[in-house]
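**Q** Here you go, one structure.
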2 protein chains.
Amino acid sequence: MVSAADRVKKPGMSSVWLDAKKPRSAGGGTGTGTGRKADPAVAGLDREKITAATVALLDAEGLAKFSMRRLATELKVTAMSLYWYVATKDDLLELAVDRVMGELDLPDPAAATDWRDQLRQLAQTYREVLVRHPWASILVGRFLGIGPRMMEFSSATLGLMRKTGMPLDRQGGTVASVFQFVYGFATIEGEFHQRAAASGITPDELYAEAMGAISGAVEGTELFRDSTAVMEARGGSTVAEMYDRDFRIALDVLIAGIEATSAASSAE
Amino acid sequence: MVSAADRVKKPGMSSVWLDAKKPRSAGGGTGTGTGRKADPAVAGLDREKITAATVALLDAEGLAKFSMRRLATELKVTAMSLYWYVATKDDLLELAVDRVMGELDLPDPAAATDWRDQLRQLAQTYREVLVRHPWASILVGRFLGIGPRMMEFSSATLGLMRKTGMPLDRQGGTVASVFQFVYGFATIEGEFHQRAAASGITPDELYAEAMGAISGAVEGTELFRDSTAVMEARGGSTVAEMYDRDFRIALDVLIAGIEATSAASSAE
DNA sequence: ACCTGAACACCGTTCAAGT
DNA sequence: ACCTGAACACCGTTCAAGT
């Protein structure tokens, strides 16, 4: 009977960052601090500790294997005690994403560095975070990223745009061209690393295996000729070098595009 | 005792496309055809039917809710009978991804269309497929995409590159700049649609809700001023228009970048 | 205030059996 | 050749209960 009313109430915008009622946490202490309570020195859970443990577990075993029960045993409690600190598993994952975004090496907004260098730095640091924590890619897409660290990153991208000379009405699209590219690139790169790690082999070994398997299927075709030519011209003896090179060249293209577009618009 | 040997054997490259032993399917009949057998006309499972049902279910309910058991009830069999046709759930998902890539509207490689138009078409059709089937984005990252339809797409991107005049050693990076951008962009766009649909509201309603929630948190800050300015300049009265506009502008930047780079390299 | 046990309604996959 | 039932080792989350 209440189902219609329920449907209207359903928020759609649920996010940890929008639920003001933060649960009991220890406040802004630096690091571990001294255990106030006597006995449960080992336990003494709070949101901060749980989030840190979540990131560690996700890094170690990936998103697929992560579970509330698994995390709980890591923290030496039952799964249910976690629900006193976070409402759902998704909330916890959202906290984890924003936590790793704290690792971003954002450029000083006051510094007078050339925007090209700033763009490269921002792109590179975002790429590094996503590759270091491959599980974060999927979650960045899922949660619309409105945590405080993600907000600082957005702020930095907008600050960068202002320096490019790009007309205001194109800044939204230009931000997208750069950072959705980095997101896409780093997601695929991170998944590849994860896949290799899961099989206990190096990325180079996985690459060799994949190439051998694929070329067996397309040998003699036009695709085979073309892709072999591109890959040989690309150079680089390791997968890591190939990724680095492609990434750098892609940023060159983007920067050249921004230069050309902003020059054209200031000329008219 | 065999654990060391096992580790060495573990392939890392598992993929449906690499297991030659295809299971019993009906052959290349067109559409439904006439039921050869008498009674199990309704059942009569095969890989093709299972994959089609998988895509339908993923479109309807998303990756999170998809399960072998759920799919089985849809097909009026038990979950276990599916395992006669596919080895694992992941194999089935890999088949589903390649199936939707068959929806890509690839340009005729023989046609003499300007590469700029071809690039726009290829980017747009890839974007549309990923937005229409948002679950595919995550899986494209997971499975390295070596199915036949994905291969045709790769072939088309390489054919496009040859027409740009881009030097061969930069084609890999340039392909990445375009198609990893599209992948990133469409992934985020698709997730947004999915999120709105899951809450039973329109993307525009979700957008308004999100903006209201966020601005409450950052009002008065520099980020608020900057992002408001960019959003207003961006124009477009609906979320769909905003996405279209940003996408088009981003492609403009990329095309300008490719033009500038290939012109510079042919001049030296 | 914090944590637990038992329970509900699920998972993917294996394996021995059925027809 | 194709499909099933029962079982194993899991899930996220709720709820009443403990301290």
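By order of appearance in the structure tokens: chains A, B, ..., then residues from 1 within every chain, and ligands from 1 in the order shown.
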Please list as a PyMOL selection string every residue within 7 Å of stretch 235-249 of chain B, counting only C-alpha atoms (C1' of nucleotides) and excluding residues in the same chain fewer than 4 positions away.

**A** (chain A and resi 170+172-174) or (chain B and resi 203-204+231+253)

**Q** To test your reading of the structure, identify every residue in stretch 87-176 of chain B that backbone DSSP assigns to helix (DSSP H, G or I), and report it as a PyMOL selection string.

**A** chain B and resi 89-101+115-132+135-143+148-164+168-176

**Q** Restrict the distance test to only C-alpha atoms (C1' of nucleotides), flag each residue of chain B within 8 Å of chain D, and return the flagged residues as a ChimeraX atom specification.

**A** /B:78,80-81,84

**Q** What are the nearest atom pairs, with distances in Å to one decimal, for all residues of chain A that come at most 7 Å from chain B, using only C-alpha atoms, set out by chain and rising residue number as JSON lines?

**A**
```
{"residue": "A:Lys10", "atom": "CA", "partner": "B:Ser199", "partner_atom": "CA", "distance": 6.6}
{"residue": "A:Gly12", "atom": "CA", "partner": "B:Ser199", "partner_atom": "CA", "distance": 4.8}
{"residue": "A:Met13", "atom": "CA", "partner": "B:Ala210", "partner_atom": "CA", "distance": 6.4}
{"residue": "A:Ile138", "atom": "CA", "partner": "B:Ile138", "partner_atom": "CA", "distance": 6.9}
{"residue": "A:Gly141", "atom": "CA", "partner": "B:Ile188", "partner_atom": "CA", "distance": 5.3}
{"residue": "A:Arg142", "atom": "CA", "partner": "B:Glu191", "partner_atom": "CA", "distance": 6.1}
{"residue": "A:Ser155", "atom": "CA", "partner": "B:Leu223", "partner_atom": "CA", "distance": 5.3}
{"residue": "A:Leu158", "atom": "CA", "partner": "B:Asp226", "partner_atom": "CA", "distance": 6.8}
{"residue": "A:Leu168", "atom": "CA", "partner": "B:Ala233", "partner_atom": "CA", "distance": 6.0}
{"residue": "A:Asp169", "atom": "CA", "partner": "B:Ala233", "partner_atom": "CA", "distance": 4.6}
{"residue": "A:Arg170", "atom": "CA", "partner": "B:Ile249", "partner_atom": "CA", "distance": 6.6}
{"residue": "A:Gln171", "atom": "CA", "partner": "B:Val230", "partner_atom": "CA", "distance": 6.6}
{"residue": "A:Gly172", "atom": "CA", "partner": "B:Asp246", "partner_atom": "CA", "distance": 6.2}
{"residue": "A:Gly173", "atom": "CA", "partner": "B:Asp246", "partner_atom": "CA", "distance": 3.9}
{"residue": "A:Thr174", "atom": "CA", "partner": "B:Ala250", "partner_atom": "CA", "distance": 5.4}
{"residue": "A:Ala176", "atom": "CA", "partner": "B:Ala250", "partner_atom": "CA", "distance": 6.6}
{"residue": "A:Ser177", "atom": "CA", "partner": "B:Ala250", "partner_atom": "CA", "distance": 4.8}
{"residue": "A:Gln180", "atom": "CA", "partner": "B:Gly184", "partner_atom": "CA", "distance": 4.7}
{"residue": "A:Phe181", "atom": "CA", "partner": "B:Phe181", "partner_atom": "CA", "distance": 3.6}
{"residue": "A:Tyr183", "atom": "CA", "partner": "B:Gly184", "partner_atom": "CA", "distance": 5.7}
{"residue": "A:Gly184", "atom": "CA", "partner": "B:Gly184", "partner_atom": "CA", "distance": 4.3}
{"residue": "A:Phe185", "atom": "CA", "partner": "B:Gln180", "partner_atom": "CA", "distance": 5.4}
{"residue": "A:Thr187", "atom": "CA", "partner": "B:Gly141", "partner_atom": "CA", "distance": 6.8}
{"residue": "A:Ile188", "atom": "CA", "partner": "B:Gly141", "partner_atom": "CA", "distance": 5.3}
{"residue": "A:Glu191", "atom": "CA", "partner": "B:Arg142", "partner_atom": "CA", "distance": 6.1}
{"residue": "A:Ala196", "atom": "CA", "partner": "B:Gly12", "partner_atom": "CA", "distance": 6.6}
{"residue": "A:Ser199", "atom": "CA", "partner": "B:Gly12", "partner_atom": "CA", "distance": 4.8}
{"residue": "A:Leu206", "atom": "CA", "partner": "B:Gly12", "partner_atom": "CA", "distance": 6.9}
{"residue": "A:Glu209", "atom": "CA", "partner": "B:Met13", "partner_atom": "CA", "distance": 6.9}
{"residue": "A:Ala210", "atom": "CA", "partner": "B:Met13", "partner_atom": "CA", "distance": 6.4}
{"residue": "A:Leu223", "atom": "CA", "partner": "B:Ser155", "partner_atom": "CA", "distance": 5.3}
{"residue": "A:Asp226", "atom": "CA", "partner": "B:Leu158", "partner_atom": "CA", "distance": 6.8}
{"residue": "A:Val230", "atom": "CA", "partner": "B:Leu168", "partner_atom": "CA", "distance": 6.1}
{"residue": "A:Ala233", "atom": "CA", "partner": "B:Asp169", "partner_atom": "CA", "distance": 4.6}
{"residue": "A:Arg234", "atom": "CA", "partner": "B:Asp169", "partner_atom": "CA", "distance": 4.8}
{"residue": "A:Asp246", "atom": "CA", "partner": "B:Gly173", "partner_atom": "CA", "distance": 3.9}
{"residue": "A:Phe247", "atom": "CA", "partner": "B:Gly173", "partner_atom": "CA", "distance": 6.3}
{"residue": "A:Ile249", "atom": "CA", "partner": "B:Gly173", "partner_atom": "CA", "distance": 5.2}
{"residue": "A:Ala250", "atom": "CA", "partner": "B:Ser177", "partner_atom": "CA", "distance": 4.8}
{"residue": "A:Val253", "atom": "CA", "partner": "B:Gly257", "partner_atom": "CA", "distance": 4.6}
{"residue": "A:Leu254", "atom": "CA", "partner": "B:Gly257", "partner_atom": "CA", "distance": 5.7}
{"residue": "A:Ile255", "atom": "CA", "partner": "B:Gly257", "partner_atom": "CA", "distance": 7.0}
{"residue": "A:Ala256", "atom": "CA", "partner": "B:Gly257", "partner_atom": "CA", "distance": 4.6}
{"residue": "A:Gly257", "atom": "CA", "partner": "B:Gly257", "partner_atom": "CA", "distance": 3.5}
{"residue": "A:Ile258", "atom": "CA", "partner": "B:Val253", "partner_atom": "CA", "distance": 5.9}
{"residue": "A:Ala260", "atom": "CA", "partner": "B:Ala256", "partner_atom": "CA", "distance": 6.4}
{"residue": "A:Thr261", "atom": "CA", "partner": "B:Val253", "partner_atom": "CA", "distance": 6.7}
```
